[in-house]
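> Take this structure first; my questions come after.
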Amino acid sequence: QVQLVESGGGLVQPGGSLSLSCAASGSIFRINSMGWYRQAPGKQRELVATITSGGSTNYADSVKGRFTISRDNAKNTVYLQMNSLKPEDTAVYYCNIEDGWYQNYWGQGTQVTVSS
C-alpha cells in the first residue's frame with residue numbers, strides 16, 4: 001500500500017507564489033518518476049511537471065519559467081514551487097509517482113485558487 005499526502009494549496013492573488021509538497025509512504029519498491037498534474041473545472045487532467053530519479057525535469061509549456069519541480073529522494077517527497085501565478089493556474093493539483101514496477105499512484109489533490 002502506497003500513500004501520497006499533499007500539502008500547500010490555498011488561495012493566492014495573481015502574481016503571487018505557492019509551494020506544494022507531496023510525501024510518499026508505504027511499501028515502495030523504488031520511485032522512478034514523480035510529478036504534478038492539475039485539473040481545472042470542466043477540463044481534463046493535464047501534466048504540470050515531472051522529475052525523474054536522476055533529476056531530469058519536464059514542464060508544460062504554460063508553466064515553464066514560473067514553476068519549479070524538485071524532489072528529495074531520501075524523503076520520497078516531491079515539491080512544486082509556483083511563482084507568478086495566474087488565474088488560469090486555478091485547479092486541483094495532484095501528485096503522482098511511478099514506482100519501480102511501473103505502477104502509478106495518485107494523491108488526493110489539493111486546491112490552488114488564484115484570484116484577486
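Just so we're on the same page: first chain in the C-alpha cells is A, next is B, and so on; residues restart at 1 for each chain, and ligands are numbered from 1 in the order they show up.
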If we count only C-alpha atoms, what is near stretch 63-71 of chain A at a cut-off of 9 Å, once residues fewer than 2 positions away on the same chain are taken out, given as a list in words?

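The residues that qualify are Met34, Gly35, Trp36, Val48, Ala49, Thr50, Ile51, Thr52, Ser53, Gly55, Thr57, Asn58, Tyr59, Ala60, Asp61, Asn73, Ala74, Lys75, Asn76, Thr77, Val78, Tyr79, Leu80, Gln81, Met82, Asn83, Ser84, Leu85 and Asp89 of chain A.
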
> Pick out the residues sitting within 12 Å of A:Val12, and hand them over as a ChimeraX atom specification; count only C-alpha atoms, and ignore anything fewer than 2 positions along from it in its own chain.

/A:8-10,14-19,82-87,89-90,111-116

> Compare A:Thr110, A:Ser56, A:Ser33, A:Gln39 by their minimum atom-to-atom distance to A:Ser7, counting only C-alpha atoms, and give me the closest one.

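Looking at the shortest contact to A:Ser7, the residue is A:Thr110.
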
> Between A:Gln3, A:Tyr102, A:Ile97, A:Gly54, single out the one closest to A:Gly26, counting only C-alpha atoms.

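Nearest to A:Gly26: A:Gln3.
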
> Find, counting only C-alpha atoms, the residue in A:Glu88, A:Ser62, A:Ile31, A:Gly42 that gets nearest to A:Asn104.

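For A:Asn104, the nearest of the given residues is A:Ile31.
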
> Between A:Val5, A:Ile28, A:Leu11, A:Cys22, which is the closest to A:Trp101 once you count only C-alpha atoms?

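For A:Trp101, the nearest of the given residues is A:Ile28.
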
> For atom CA of A:Leu47 and atom CA of A:Ser25, quote the distance in Å rounded to one decimal.

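Those two atoms sit 22.4 Å apart.
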
> At a cut-off of 6 Å, using only C-alpha atoms, what residues contact A:Tyr93? Leave out same-chain residues fewer than 4 positions from it and give the result as a JSON list (two decimals) with N, CA, C and O atoms, in the first residue's frame.


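Below you can see around-v4.json, which holds the result:
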```json
[["chain", "number", "residue", "atom", "x", "y", "z"],
["A", 37, "TYR", "N", 0.20, 17.00, -11.61],
["A", 37, "TYR", "CA", -0.81, 17.21, -12.64],
["A", 37, "TYR", "C", -1.87, 18.12, -12.05],
["A", 37, "TYR", "O", -1.94, 18.30, -10.84],
["A", 38, "ARG", "N", -2.70, 18.68, -12.92],
["A", 38, "ARG", "CA", -3.77, 19.53, -12.42],
["A", 38, "ARG", "C", -5.02, 19.34, -13.27],
["A", 38, "ARG", "O", -4.96, 18.97, -14.43],
["A", 109, "GLY", "N", -5.24, 15.21, -4.04],
["A", 109, "GLY", "CA", -5.46, 16.51, -4.68],
["A", 109, "GLY", "C", -5.50, 17.64, -3.68],
["A", 109, "GLY", "O", -5.98, 17.48, -2.55],
["A", 110, "THR", "N", -4.99, 18.77, -4.11],
["A", 110, "THR", "CA", -5.03, 19.97, -3.27],
["A", 110, "THR", "C", -5.44, 21.16, -4.15],
["A", 110, "THR", "O", -4.94, 21.32, -5.27]]
```

> How many Å separate atom CA of A:Glu6 from atom CA of A:Tyr105?

12.5 Å

> By how many Å are atom CA of A:Ala24 and atom CA of A:Arg45 apart?

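Separation of atom CA of A:Ala24 and atom CA of A:Arg45: 20.7 Å.
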
> As a PyMOL selection string, which residues of chain A does DSSP assign to helix (DSSP H, G or I)?

chain A and resi 61-63+73-75+87-89

> As a ChimeraX atom specification, list the residues of stretch 2-114 of chain A assigned to strand (DSSP E or B) by DSSP on the backbone atoms of this structure.

/A:2-7,10-12,18-26,31-39,46-51,57-59,67-72,77-82,91-99,104-106,110-114

> Output the selection as a PDB file, in the first residue's frame - C-alpha atoms for each residue.


```pdb
ATOM      1  CA  VAL A   2       1.357   3.377  -1.066  1.00  0.00           C
ATOM      2  CA  GLN A   3       0.057   6.651   0.285  1.00  0.00           C
ATOM      3  CA  LEU A   4       0.675  10.123  -1.117  1.00  0.00           C
ATOM      4  CA  VAL A   5      -0.036  13.064   1.149  1.00  0.00           C
ATOM      5  CA  GLU A   6      -0.131  16.508  -0.431  1.00  0.00           C
ATOM      6  CA  SER A   7       0.000  19.860   1.259  1.00  0.00           C
ATOM      7  CA  GLY A  10      -4.657  27.592  -0.985  1.00  0.00           C
ATOM      8  CA  LEU A  11      -5.796  30.975  -2.210  1.00  0.00           C
ATOM      9  CA  VAL A  12      -3.312  33.451  -3.650  1.00  0.00           C
ATOM     10  CA  LEU A  18       2.642  28.949  -3.535  1.00  0.00           C
ATOM     11  CA  SER A  19       4.617  25.854  -2.734  1.00  0.00           C
ATOM     12  CA  LEU A  20       3.204  22.329  -2.852  1.00  0.00           C
ATOM     13  CA  SER A  21       4.697  19.201  -1.365  1.00  0.00           C
ATOM     14  CA  CYS A  22       3.833  15.528  -1.624  1.00  0.00           C
ATOM     15  CA  ALA A  23       5.260  12.806   0.599  1.00  0.00           C
ATOM     16  CA  ALA A  24       5.051   9.166  -0.405  1.00  0.00           C
ATOM     17  CA  SER A  25       4.981   6.425   2.191  1.00  0.00           C
ATOM     18  CA  GLY A  26       4.208   2.734   2.480  1.00  0.00           C
ATOM     19  CA  ILE A  31      10.284   5.588  -7.201  1.00  0.00           C
ATOM     20  CA  ASN A  32      11.062   6.255 -10.828  1.00  0.00           C
ATOM     21  CA  SER A  33       9.342   9.494 -11.729  1.00  0.00           C
ATOM     22  CA  MET A  34       7.421  11.939  -9.581  1.00  0.00           C
ATOM     23  CA  GLY A  35       5.170  14.626 -10.886  1.00  0.00           C
ATOM     24  CA  TRP A  36       2.348  17.077 -10.583  1.00  0.00           C
ATOM     25  CA  TYR A  37      -0.810  17.209 -12.639  1.00  0.00           C
ATOM     26  CA  ARG A  38      -3.775  19.525 -12.423  1.00  0.00           C
ATOM     27  CA  GLN A  39      -7.442  19.544 -13.324  1.00  0.00           C
ATOM     28  CA  GLU A  46      -3.097  17.755 -17.531  1.00  0.00           C
ATOM     29  CA  LEU A  47       0.584  17.382 -16.826  1.00  0.00           C
ATOM     30  CA  VAL A  48       2.246  20.236 -14.985  1.00  0.00           C
ATOM     31  CA  ALA A  49       5.745  18.925 -14.342  1.00  0.00           C
ATOM     32  CA  THR A  50       7.643  15.692 -13.809  1.00  0.00           C
ATOM     33  CA  ILE A  51      11.046  14.786 -12.447  1.00  0.00           C
ATOM     34  CA  THR A  57      12.620  17.610 -15.432  1.00  0.00           C
ATOM     35  CA  ASN A  58       9.795  18.196 -17.855  1.00  0.00           C
ATOM     36  CA  TYR A  59       7.308  21.071 -17.771  1.00  0.00           C
ATOM     37  CA  PHE A  67       7.110  26.682 -11.775  1.00  0.00           C
ATOM     38  CA  THR A  68       9.963  24.575 -10.441  1.00  0.00           C
ATOM     39  CA  ILE A  69       9.716  20.906  -9.542  1.00  0.00           C
ATOM     40  CA  SER A  70      12.201  19.248  -7.209  1.00  0.00           C
ATOM     41  CA  ARG A  71      12.447  16.077  -5.164  1.00  0.00           C
ATOM     42  CA  ASP A  72      14.117  14.727  -2.068  1.00  0.00           C
ATOM     43  CA  THR A  77       8.975  13.800  -1.382  1.00  0.00           C
ATOM     44  CA  VAL A  78       8.327  15.949  -4.413  1.00  0.00           C
ATOM     45  CA  TYR A  79       7.858  19.692  -4.370  1.00  0.00           C
ATOM     46  CA  LEU A  80       6.369  22.255  -6.729  1.00  0.00           C
ATOM     47  CA  GLN A  81       7.315  25.901  -6.335  1.00  0.00           C
ATOM     48  CA  MET A  82       4.823  28.061  -8.199  1.00  0.00           C
ATOM     49  CA  ALA A  91      -7.120  23.911 -10.442  1.00  0.00           C
ATOM     50  CA  VAL A  92      -6.901  20.894  -8.213  1.00  0.00           C
ATOM     51  CA  TYR A  93      -3.272  19.773  -8.216  1.00  0.00           C
ATOM     52  CA  TYR A  94      -2.492  16.078  -7.967  1.00  0.00           C
ATOM     53  CA  CYS A  95       0.759  14.409  -7.039  1.00  0.00           C
ATOM     54  CA  ASN A  96       1.773  11.314  -8.999  1.00  0.00           C
ATOM     55  CA  ILE A  97       4.531   8.757  -8.653  1.00  0.00           C
ATOM     56  CA  GLU A  98       5.581   5.829 -10.801  1.00  0.00           C
ATOM     57  CA  ASP A  99       7.287   3.069  -8.862  1.00  0.00           C
ATOM     58  CA  ASN A 104       1.170   4.766 -10.836  1.00  0.00           C
ATOM     59  CA  TYR A 105      -0.164   6.251  -7.630  1.00  0.00           C
ATOM     60  CA  TRP A 106      -2.083   9.490  -7.087  1.00  0.00           C
ATOM     61  CA  THR A 110      -5.028  19.974  -3.271  1.00  0.00           C
ATOM     62  CA  GLN A 111      -6.899  23.059  -4.423  1.00  0.00           C
ATOM     63  CA  VAL A 112      -4.988  26.032  -5.780  1.00  0.00           C
ATOM     64  CA  THR A 113      -7.029  29.167  -6.411  1.00  0.00           C
ATOM     65  CA  VAL A 114      -5.538  32.273  -7.984  1.00  0.00           C
TER      66      VAL A 114
END
```
